[in-house]
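Engineer: Following this line is target_25.txt, made up of compact mmCIF, C-alpha atoms:
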```
# COMPACT_ATOMS: atom_id res chain seq x y z
CA MET A 1 -30.12 10.03 23.58
CA THR A 2 -32.29 8.05 25.97
CA GLY A 3 -31.25 5.03 27.94
CA SER A 4 -33.70 2.87 25.96
CA ASP A 5 -31.78 3.65 22.77
CA ASN A 6 -28.55 2.15 24.06
CA PRO A 7 -29.47 -1.56 23.78
CA ARG A 8 -30.69 -1.00 20.23
CA GLN A 9 -27.52 0.83 19.25
CA ASN A 10 -25.34 -1.77 20.96
CA TRP A 11 -27.17 -4.51 19.05
CA TYR A 12 -26.71 -2.61 15.79
CA ARG A 13 -22.98 -2.17 16.42
CA ALA A 14 -22.63 -5.83 17.34
CA MET A 15 -24.38 -6.91 14.13
CA ARG A 16 -22.32 -4.52 12.06
CA LYS A 17 -19.14 -5.89 13.57
CA PHE A 18 -20.31 -9.48 13.09
CA TRP A 19 -21.04 -8.99 9.38
CA SER A 20 -17.87 -7.01 8.68
CA PRO A 21 -15.17 -8.76 6.61
CA PRO A 22 -12.64 -10.66 8.75
CA ASP A 23 -9.29 -9.00 9.46
CA ASP A 24 -5.96 -10.20 8.07
CA LEU A 25 -5.27 -12.56 10.98
CA LEU A 26 -8.49 -14.46 10.38
CA VAL A 27 -8.30 -14.38 6.58
CA ALA A 28 -4.98 -16.22 6.72
CA ALA A 29 -6.42 -18.82 9.09
CA GLY A 30 -9.54 -19.08 6.93
CA ALA A 31 -7.40 -19.80 3.87
CA ASN A 32 -5.79 -22.74 5.66
CA GLY A 33 -9.18 -23.92 6.90
CA GLU A 34 -10.68 -23.71 3.41
CA LEU A 35 -7.87 -25.87 2.08
CA VAL A 36 -8.54 -28.46 4.80
CA VAL A 37 -12.27 -28.43 3.96
CA ALA A 38 -11.50 -28.77 0.24
CA LYS A 39 -9.33 -31.84 0.81
CA LEU A 40 -11.90 -33.36 3.16
CA ARG A 41 -14.69 -32.65 0.66
CA LEU A 42 -12.77 -34.39 -2.11
CA PHE A 43 -12.18 -37.44 0.10
CA VAL A 44 -15.83 -37.65 1.22
CA THR A 45 -17.25 -37.25 -2.28
CA ALA A 46 -14.86 -39.88 -3.60
CA PHE A 47 -16.19 -42.26 -0.95
CA LEU A 48 -19.79 -41.29 -1.77
CA VAL A 49 -19.22 -42.30 -5.39
CA VAL A 50 -18.29 -45.82 -4.25
CA VAL A 51 -21.39 -46.41 -2.08
CA PRO A 52 -24.11 -46.00 -4.77
CA LEU A 53 -21.87 -47.73 -7.30
CA VAL A 54 -21.77 -50.86 -5.11
CA ARG A 55 -25.52 -50.66 -4.53
CA LEU A 56 -26.11 -50.27 -8.25
CA MET A 57 -23.98 -53.32 -9.01
CA THR A 58 -25.85 -55.44 -6.43
CA GLY A 59 -29.27 -54.24 -7.56
CA ASP A 60 -30.15 -52.82 -4.13
CA ARG A 61 -32.67 -50.01 -4.78
CA ALA A 62 -31.27 -49.44 -8.24
CA LEU A 63 -33.16 -46.18 -8.89
CA GLU A 64 -31.99 -44.57 -5.67
CA ALA A 65 -28.47 -45.89 -6.28
CA GLY A 66 -28.45 -44.46 -9.81
CA ILE A 67 -29.56 -41.05 -8.54
CA GLY A 68 -26.96 -41.19 -5.77
CA LEU A 69 -24.21 -42.09 -8.23
CA SER A 70 -25.07 -39.17 -10.52
CA ILE A 71 -25.15 -36.69 -7.64
CA ALA A 72 -21.96 -38.09 -6.09
CA GLY A 73 -20.14 -37.87 -9.41
CA ALA A 74 -21.16 -34.23 -9.83
CA ALA A 75 -20.15 -33.56 -6.23
CA PHE A 76 -16.71 -35.09 -6.83
CA LEU A 77 -16.10 -32.85 -9.84
CA MET A 78 -17.28 -29.83 -7.84
CA ALA A 79 -14.98 -30.80 -4.97
CA LEU A 80 -12.04 -31.07 -7.35
CA GLY A 81 -12.74 -27.58 -8.69
CA PHE A 82 -13.04 -26.10 -5.20
CA LEU A 83 -9.73 -27.72 -4.21
CA LEU A 84 -8.01 -26.02 -7.14
CA LEU A 85 -9.52 -22.68 -6.08
CA ALA A 86 -8.44 -23.18 -2.46
CA GLN A 87 -4.88 -23.87 -3.64
CA GLY A 88 -4.87 -20.64 -5.64
CA GLU A 89 -2.44 -17.79 -5.25
CA GLN A 90 -4.67 -15.52 -3.17
CA TYR A 91 -7.49 -16.62 -0.89
CA CYS A 92 -10.67 -14.53 -0.94
CA PRO A 93 -13.15 -14.75 1.96
CA TRP A 94 -16.07 -15.00 -0.47
CA LEU A 95 -14.83 -18.47 -1.42
CA GLY A 96 -15.96 -19.78 1.97
CA PHE A 97 -19.49 -18.52 1.31
CA VAL A 98 -19.59 -20.02 -2.19
CA THR A 99 -18.32 -23.44 -1.13
CA SER A 100 -20.53 -23.59 1.99
CA LEU A 101 -23.64 -22.70 0.02
CA ALA A 102 -22.67 -25.15 -2.72
CA ASP A 103 -22.29 -27.95 -0.17
CA VAL A 104 -25.72 -27.29 1.37
CA THR A 105 -27.45 -26.78 -1.98
CA LEU A 106 -25.98 -29.98 -3.39
CA ILE A 107 -27.51 -31.93 -0.50
CA THR A 108 -30.88 -30.26 -1.07
CA THR A 109 -30.60 -30.97 -4.79
CA THR A 110 -30.23 -34.66 -4.00
CA LEU A 111 -33.47 -34.57 -2.00
CA VAL A 112 -35.22 -32.70 -4.82
CA VAL A 113 -34.06 -35.30 -7.33
CA PHE A 114 -35.68 -37.98 -5.15
CA LEU A 115 -38.95 -36.02 -5.32
CA VAL A 116 -38.69 -35.69 -9.09
CA ALA A 117 -38.04 -39.43 -9.31
CA ASP A 118 -41.27 -40.03 -7.34
CA GLN A 119 -39.42 -41.18 -4.23
CA PRO A 120 -40.88 -38.76 -1.63
CA HIS A 121 -40.02 -40.84 1.42
CA ALA A 122 -36.38 -40.99 0.34
CA ALA A 123 -36.48 -37.19 0.24
CA VAL A 124 -38.07 -36.54 3.62
CA ASN A 125 -36.91 -39.53 5.67
CA SER A 126 -33.47 -40.22 4.26
CA LYS A 127 -31.06 -41.49 6.87
CA VAL A 128 -28.07 -41.11 4.55
CA VAL A 129 -28.51 -37.80 2.70
CA PHE A 130 -30.01 -35.66 5.48
CA PRO A 131 -27.12 -36.16 7.97
CA THR A 132 -24.69 -34.74 5.42
CA TYR A 133 -26.24 -31.33 6.16
CA PHE A 134 -24.47 -31.57 9.51
CA LEU A 135 -21.14 -32.28 7.79
CA ALA A 136 -21.57 -29.18 5.62
CA ILE A 137 -22.47 -27.00 8.62
CA ALA A 138 -19.65 -28.42 10.76
CA ALA A 139 -17.14 -27.68 7.99
CA THR A 140 -17.98 -23.97 8.21
CA SER A 141 -16.35 -23.87 11.65
CA LEU A 142 -12.96 -24.46 9.99
CA ARG A 143 -13.14 -21.24 7.97
CA TYR A 144 -12.67 -18.73 10.84
CA ASP A 145 -15.65 -16.75 9.54
CA ALA A 146 -18.81 -17.02 11.66
CA ARG A 147 -20.85 -15.47 8.86
CA THR A 148 -20.52 -18.63 6.77
CA SER A 149 -21.90 -20.73 9.64
CA VAL A 150 -24.96 -18.50 9.95
CA VAL A 151 -25.57 -18.32 6.21
CA ALA A 152 -25.04 -22.04 5.57
CA GLY A 153 -27.24 -23.03 8.52
CA THR A 154 -30.02 -20.63 7.53
CA VAL A 155 -29.98 -21.80 3.91
CA ALA A 156 -30.02 -25.45 5.02
CA VAL A 157 -33.11 -24.83 7.21
CA VAL A 158 -34.94 -22.86 4.51
CA GLN A 159 -34.16 -25.33 1.75
CA TYR A 160 -35.11 -28.37 3.81
CA LEU A 161 -38.38 -26.73 4.89
CA ALA A 162 -39.11 -26.06 1.22
CA VAL A 163 -38.55 -29.74 0.41
CA LEU A 164 -40.82 -30.81 3.27
CA THR A 165 -43.56 -28.36 2.32
CA TRP A 166 -43.55 -29.39 -1.32
CA ALA A 167 -43.54 -33.09 -0.48
CA ALA A 168 -46.39 -32.78 2.03
CA ALA A 169 -48.44 -30.68 -0.38
CA ASN A 170 -48.06 -33.04 -3.32
CA TYR A 171 -48.04 -36.49 -1.69
CA ASN A 172 -50.16 -38.26 0.91
CA LEU A 173 -47.00 -39.57 2.55
CA ASN A 174 -48.79 -41.90 4.97
CA ASP A 175 -51.01 -43.45 2.31
CA PRO A 176 -51.11 -47.28 2.56
CA ILE A 177 -49.77 -47.53 -0.99
CA TYR A 178 -46.33 -46.66 0.44
CA ALA A 179 -46.46 -49.55 2.94
CA PRO A 180 -44.35 -51.08 4.41
CA TYR A 181 -42.76 -47.59 4.66
CA SER A 182 -39.16 -48.75 4.37
CA TYR A 183 -38.03 -45.18 5.11
CA GLY A 184 -40.53 -44.75 7.94
CA MET A 185 -43.85 -42.90 8.08
CA PHE A 186 -44.00 -39.14 7.72
CA SER A 187 -44.40 -37.07 10.90
CA TRP A 188 -44.32 -33.29 11.14
CA ILE A 189 -43.18 -33.56 14.76
CA ALA A 190 -40.18 -35.64 13.72
CA GLN A 191 -39.45 -33.32 10.81
CA MET A 192 -39.57 -30.22 13.00
CA SER A 193 -37.08 -31.95 15.29
CA ARG A 194 -34.79 -32.30 12.29
CA VAL A 195 -35.17 -28.61 11.47
CA VAL A 196 -34.41 -27.65 15.09
CA LEU A 197 -31.31 -29.85 14.98
CA LEU A 198 -30.13 -28.10 11.81
CA GLY A 199 -30.58 -24.70 13.45
CA SER A 200 -28.83 -25.90 16.59
CA ALA A 201 -25.90 -27.20 14.56
CA ALA A 202 -25.55 -23.82 12.85
CA PHE A 203 -25.70 -22.04 16.22
CA ILE A 204 -23.04 -24.31 17.74
CA ALA A 205 -20.80 -23.89 14.68
CA THR A 206 -21.16 -20.11 14.96
CA MET A 207 -20.25 -20.14 18.64
CA ILE A 208 -17.24 -22.35 17.94
CA VAL A 209 -16.02 -19.95 15.25
CA LEU A 210 -16.49 -16.87 17.45
CA ARG A 211 -14.60 -18.56 20.28
CA THR A 212 -11.86 -19.71 17.94
CA GLN A 213 -11.58 -16.23 16.42
CA ARG A 214 -11.13 -14.77 19.89
CA LEU A 215 -8.44 -17.28 20.82
CA ARG A 216 -6.71 -16.81 17.47
CA TRP A 217 -6.70 -13.05 17.92
CA LEU A 218 -5.33 -13.28 21.46
CA SER A 219 -2.53 -15.61 20.37
CA ALA A 220 -1.57 -13.69 17.24
CA SER A 221 -1.96 -10.02 18.14
CA ASP A 222 -0.33 -7.45 20.36
CA PRO A 223 -2.96 -6.32 22.92
CA LEU A 224 -1.60 -2.77 23.17
CA THR A 225 -1.47 -1.82 19.47
CA GLN A 226 -3.89 -4.43 18.04
CA LEU A 227 -1.27 -5.30 15.41
CA MET A 228 0.16 -8.73 14.67
CA ASN A 229 2.74 -9.93 17.14
CA ARG A 230 6.19 -11.06 16.10
CA GLY A 231 5.43 -14.79 16.26
CA PHE A 232 2.46 -14.57 13.92
CA PHE A 233 4.25 -12.13 11.61
CA ASP A 234 7.18 -14.53 11.23
CA GLU A 235 4.74 -17.36 10.51
CA ARG A 236 2.99 -15.33 7.82
CA MET A 237 6.28 -14.25 6.29
CA GLU A 238 7.31 -17.86 5.77
CA GLU A 239 4.18 -18.27 3.64
CA GLU A 240 4.78 -14.98 1.82
CA GLU A 241 8.38 -15.95 1.06
CA ILE A 242 7.18 -19.18 -0.55
CA ARG A 243 4.60 -17.23 -2.57
CA ALA A 244 7.16 -14.61 -3.64
CA ARG A 245 9.57 -17.29 -4.83
CA ARG A 246 6.85 -19.18 -6.68
CA TYR A 247 5.55 -16.15 -8.58
CA LYS A 248 8.87 -14.24 -8.82
CA ARG A 249 7.45 -11.10 -7.22
CA PRO A 250 9.33 -8.64 -5.00
CA LEU A 251 8.72 -8.34 -1.29
CA THR A 252 9.91 -5.31 0.67
CA LEU A 253 10.34 -5.11 4.44
CA ALA A 254 10.47 -1.92 6.48
CA MET A 255 11.77 -1.98 10.04
CA ILE A 256 10.54 1.02 12.05
CA ASP A 257 11.82 2.21 15.42
CA ILE A 258 10.56 5.08 17.59
CA ASP A 259 13.39 7.53 18.17
CA ARG A 260 14.67 7.94 21.74
CA PHE A 261 11.78 5.95 23.13
CA LYS A 262 13.54 5.06 26.38
CA GLN A 263 14.13 8.74 27.01
CA PHE A 264 10.46 9.42 26.21
CA ASN A 265 9.37 6.86 28.80
CA ASP A 266 11.76 8.21 31.41
CA THR A 267 10.51 11.76 30.83
CA TYR A 268 6.76 11.25 30.45
CA GLY A 269 6.11 7.85 32.03
CA HIS A 270 5.22 4.44 30.67
CA ALA A 271 1.51 5.28 30.32
CA SER A 272 2.41 8.05 27.90
CA GLY A 273 4.82 5.64 26.21
CA ASP A 274 1.95 3.20 25.66
CA GLU A 275 -0.08 6.00 24.10
CA ALA A 276 2.85 6.81 21.80
CA LEU A 277 2.97 3.17 20.66
CA ARG A 278 -0.75 3.29 19.86
CA VAL A 279 -0.39 6.55 17.96
CA VAL A 280 2.49 5.19 15.87
CA SER A 281 0.66 1.94 15.12
CA ARG A 282 -2.41 3.85 13.89
CA ALA A 283 -0.26 6.11 11.71
CA ILE A 284 1.48 3.12 10.13
CA ARG A 285 -1.77 1.30 9.46
CA ALA A 286 -3.27 4.41 7.84
CA CYS A 287 -0.38 4.59 5.35
CA VAL A 288 -0.33 1.01 4.09
CA ARG A 289 -2.66 -1.16 2.06
CA ARG A 290 -5.00 -3.66 3.67
CA THR A 291 -3.01 -6.45 2.02
CA ASP A 292 0.28 -5.32 3.59
CA LEU A 293 1.31 -6.89 6.88
CA VAL A 294 2.05 -4.77 9.95
CA ALA A 295 3.39 -6.10 13.25
CA ARG A 296 4.77 -4.87 16.52
CA TYR A 297 8.15 -6.56 16.27
CA GLY A 298 9.69 -5.56 19.57
CA GLY A 299 9.36 -3.05 22.39
CA GLU A 300 9.27 0.07 20.21
CA GLU A 301 9.96 -1.63 16.88
CA PHE A 302 7.44 -2.25 14.11
CA MET A 303 7.73 -4.25 10.92
CA VAL A 304 5.84 -3.71 7.67
CA ALA A 305 5.85 -6.20 4.80
CA PHE A 306 4.94 -4.50 1.52
CA LEU A 307 3.75 -7.45 -0.55
CA GLU A 308 4.51 -7.49 -4.28
CA THR A 309 6.16 -4.07 -3.95
CA ASP A 310 9.56 -2.95 -5.21
CA GLY A 311 12.03 -0.90 -3.19
CA ASP A 312 11.26 2.46 -4.76
CA SER A 313 7.52 2.25 -4.11
CA ALA A 314 8.08 0.92 -0.60
CA GLY A 315 10.62 3.66 0.08
CA GLN A 316 8.00 6.28 -0.73
CA LYS A 317 5.47 4.52 1.50
CA ALA A 318 8.04 4.46 4.29
CA GLU A 319 8.55 8.18 3.87
CA ASP A 320 4.77 8.66 4.08
CA ILE A 321 4.82 6.73 7.36
CA ARG A 322 7.67 8.86 8.73
CA ARG A 323 5.80 12.08 7.93
CA ALA A 324 2.49 10.75 9.26
CA VAL A 325 4.03 9.75 12.59
CA MET A 326 5.72 13.11 13.00
CA ALA A 327 2.40 14.90 12.31
CA GLN A 328 0.55 12.99 15.04
CA ARG A 329 0.14 14.34 18.57
CA VAL A 330 0.63 12.13 21.61
CA MET A 331 -1.61 12.97 24.55
CA LEU A 332 0.55 12.84 27.67
CA LYS A 333 -0.96 11.27 30.73
CA GLY A 334 -1.60 13.32 33.84
CA SER A 335 -2.79 16.44 31.97
CA ARG A 336 0.74 17.18 30.83
CA GLY A 337 -0.26 18.38 27.37
CA VAL A 338 0.74 16.91 24.04
CA THR A 339 3.96 16.14 22.23
CA ASN A 340 5.07 14.17 19.20
CA VAL A 341 7.50 11.41 18.35
CA THR A 342 9.55 10.55 15.28
CA VAL A 343 10.64 7.26 13.75
CA SER A 344 13.64 5.94 11.87
CA ILE A 345 13.07 3.38 9.13
CA GLY A 346 15.26 0.89 7.31
CA ILE A 347 13.98 -0.95 4.23
CA ALA A 348 15.27 -3.94 2.29
CA VAL A 349 13.95 -5.89 -0.69
CA TRP A 350 13.78 -9.55 -1.60
CA PRO A 351 15.47 -10.73 -3.78
CA ARG A 352 17.54 -7.64 -4.62
CA ASP A 353 19.15 -7.28 -1.20
CA ALA A 354 19.33 -10.90 -0.08
CA ASP A 355 18.26 -14.38 -1.13
CA THR A 356 16.47 -15.38 2.08
CA LEU A 357 13.85 -13.60 4.11
CA ARG A 358 15.97 -13.81 7.26
CA SER A 359 18.79 -12.03 5.46
CA VAL A 360 16.37 -9.37 4.21
CA ILE A 361 15.27 -8.71 7.79
CA GLU A 362 18.91 -8.40 8.85
CA LYS A 363 19.55 -5.95 6.00
CA ALA A 364 16.52 -3.84 7.01
CA ASP A 365 17.79 -3.85 10.60
CA SER A 366 21.24 -2.67 9.53
CA ARG A 367 19.69 0.14 7.50
CA LEU A 368 17.55 1.11 10.47
CA TYR A 369 20.77 1.38 12.48
CA ALA A 370 22.24 3.52 9.69
CA ALA A 371 19.20 5.83 9.89
CA LYS A 372 19.77 6.18 13.65
CA GLU A 373 23.45 6.91 13.13
CA ALA A 374 22.64 9.53 10.47
CA GLY A 375 20.56 11.55 12.93
CA ARG A 376 17.21 9.71 13.22
CA ASN A 377 13.84 10.74 11.79
CA ARG A 378 14.66 9.45 8.32
CA VAL A 379 14.36 6.50 5.94
CA VAL A 380 17.33 4.54 4.68
CA GLY A 381 16.73 2.11 1.84
CA LEU A 382 18.29 1.31 -1.51
CA THR A 383 19.19 4.95 -1.64
CA SER A 384 19.22 7.02 1.51
CA ILE A 385 16.26 9.36 1.94
CA VAL A 386 17.53 11.93 4.39
CA ALA A 387 14.95 14.10 6.11
CA PRO A 388 16.16 17.22 7.86
CA PRO A 389 14.77 17.59 11.40
CA GLY A 390 11.38 19.27 11.51
CA THR A 391 10.28 18.25 8.02
```
What does the file become when written as structure tokens?
Structural biologist:
Amino acid sequence: MTGSDNPRQNWYRAMRKFWSPPDDLLVAAGANGELVVAKLRLFVTAFLVVVPLVRLMTGDRALEAGIGLSIAGAAFLMALGFLLLAQGEQYCPWLGFVTSLADVTLITTTLVVFLVADQPHAAVNSKVVFPTYFLAIAATSLRYDARTSVVAGTVAVVQYLAVLTWAAANYNLNDPIYAPYSYGMFSWIAQMSRVVLLGSAAFIATMIVLRTQRLRWLSASDPLTQLMNRGFFDERMEEEEIRARRYKRPLTLAMIDIDRFKQFNDTYGHASGDEALRVVSRAIRACVRRTDLVARYGGEEFMVAFLETDGDSAGQKAEDIRRAVMAQRVMLKGSRGVTNVTVSIGIAVWPRDADTLRSVIEKADSRLYAAKEAGRNRVVGLTSIVAPPGT
């Protein structure tokens, strides 16, 4: 590998990371952001229905007002549908792409309708429709997914350039027949400034999202293990408890503790203890689904929320975690070789074990204590799964 290859490979890795689906922390934030955008969209489109309606009633540019009313009415119905989707049971990141592209395309459709209605200056010099591109691009920054900002901005630029090109090719926009040019005369310099502004808005929105993602990650994750921290986990669990109650689905919690971790630190040092925490966190993550929630809950404690999972299935998953941790090797710092650690696990299920999430956590904690008392390196749940040492 030559030195000249490194920048290219770094760029490729950066692009691959950028276009990868967002992690759980950002998906949850994106769901909240999408709901905010959906409510804002409904409010804005409701207002946009009123404006052309008033103009239509007063006879002010009746054709343009009629077109605006039709588009605004369709936009309101679309906004209502997107709000229902955003309020759905499970948020999917693709919804942000669909709604962002729909917002941009609806604006472009309005400009195209002006062209079809033989109103080219309203299409290329509109001071009402064109600025709404910036609202659509700005809204992408609330979704915690920089990809939507890039895609929406790019599509806005391409679509608007297509409108400009078609209008310039089919109309002599500065012909005296259009005097007194109530929308202003056509200028490619002015139009290119508009295009640059659209691109700049998309760039700024992308930078805002990337910065917000970074801050969100720092505030919600544990820097050592890269898992959720306790504060964010508790926040998410409040939402999951509401969802579980609404849809009457089970929710199982597993509290995991590294056995004799203080002794491990005293023997091998805190640097080796940090490595053990990383090893255990990777083993846990490898054994659960992407939709399950994993957090570092305390010093050497971890918590896993198995969503929509009963106690028996979660108990088997917990046993898989126990075996996976025991099979891992911890590299000791200072060239002191390798060793391994074990974990004890207590599981509890909502609503079978308790009526509130807090009580379920307390039940899982008490079963974790029972696993410790029984000899460690085992899972205790609805029925005790006892693992003899070394298995």
Engineer: Would you mind listing what lies within 10 Å of Leu77 in chain A as a ChimeraX atom specification, with only C-alpha atoms counted and same-chain residues fewer than 6 positions away left out?
Structural biologist: /A:42,45-46,83
Engineer: Got a sec: who's within 10 Å of range 211-224 of chain A, counting all atoms listed in the file, leaving out chain neighbours fewer than 4 positions off, as a list in words?
Structural biologist: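 With the cut-off at 10 Å, the set is Pro22, Asp23, Leu25, Leu26, Ala29, Ser141, Leu142, Arg143, Tyr144, Asp145, Ala146, Ala205, Thr206, Met207, Met228, Asn229, Arg230, Gly231, Phe232, Phe233, Glu235, Asp274, Glu275, Leu277, Arg278, Ser281, Ala295, Arg296 and Tyr297 of chain A.
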Engineer: Would you please work out which residue, of A:Leu210, A:Leu35, A:Ile177, A:Met331, is nearest to Gly269 in chain A when using only C-alpha atoms?
Structural biologist: A:Met331
Engineer: Kindly indicate which residue among A:Arg236, A:Arg243, A:Lys127, A:Arg282 lies nearest to Gln328 in chain A, using all atoms listed in the file for the distances.
Structural biologist: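 For Gln328 in chain A, the nearest of the candidates is A:Arg282.
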Engineer: Record the distance separating CA of Ser193 in chain A and CA of Val124 in chain A, expressed in Å with one decimal.
Structural biologist: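 Taking CA of Ser193 in chain A and CA of Val124 in chain A, their separation equals 12.6 Å.
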Engineer: Distance CA of Thr339 in chain A-CA of Ala276 in chain A, one decimal place?
Structural biologist: 9.4 Å
Engineer: Which residue is closest to Leu251 in chain A? Choose from A:Ala314, A:Val279, A:Val209, A:Ala152 and count only C-alpha atoms.
Structural biologist: A:Ala314
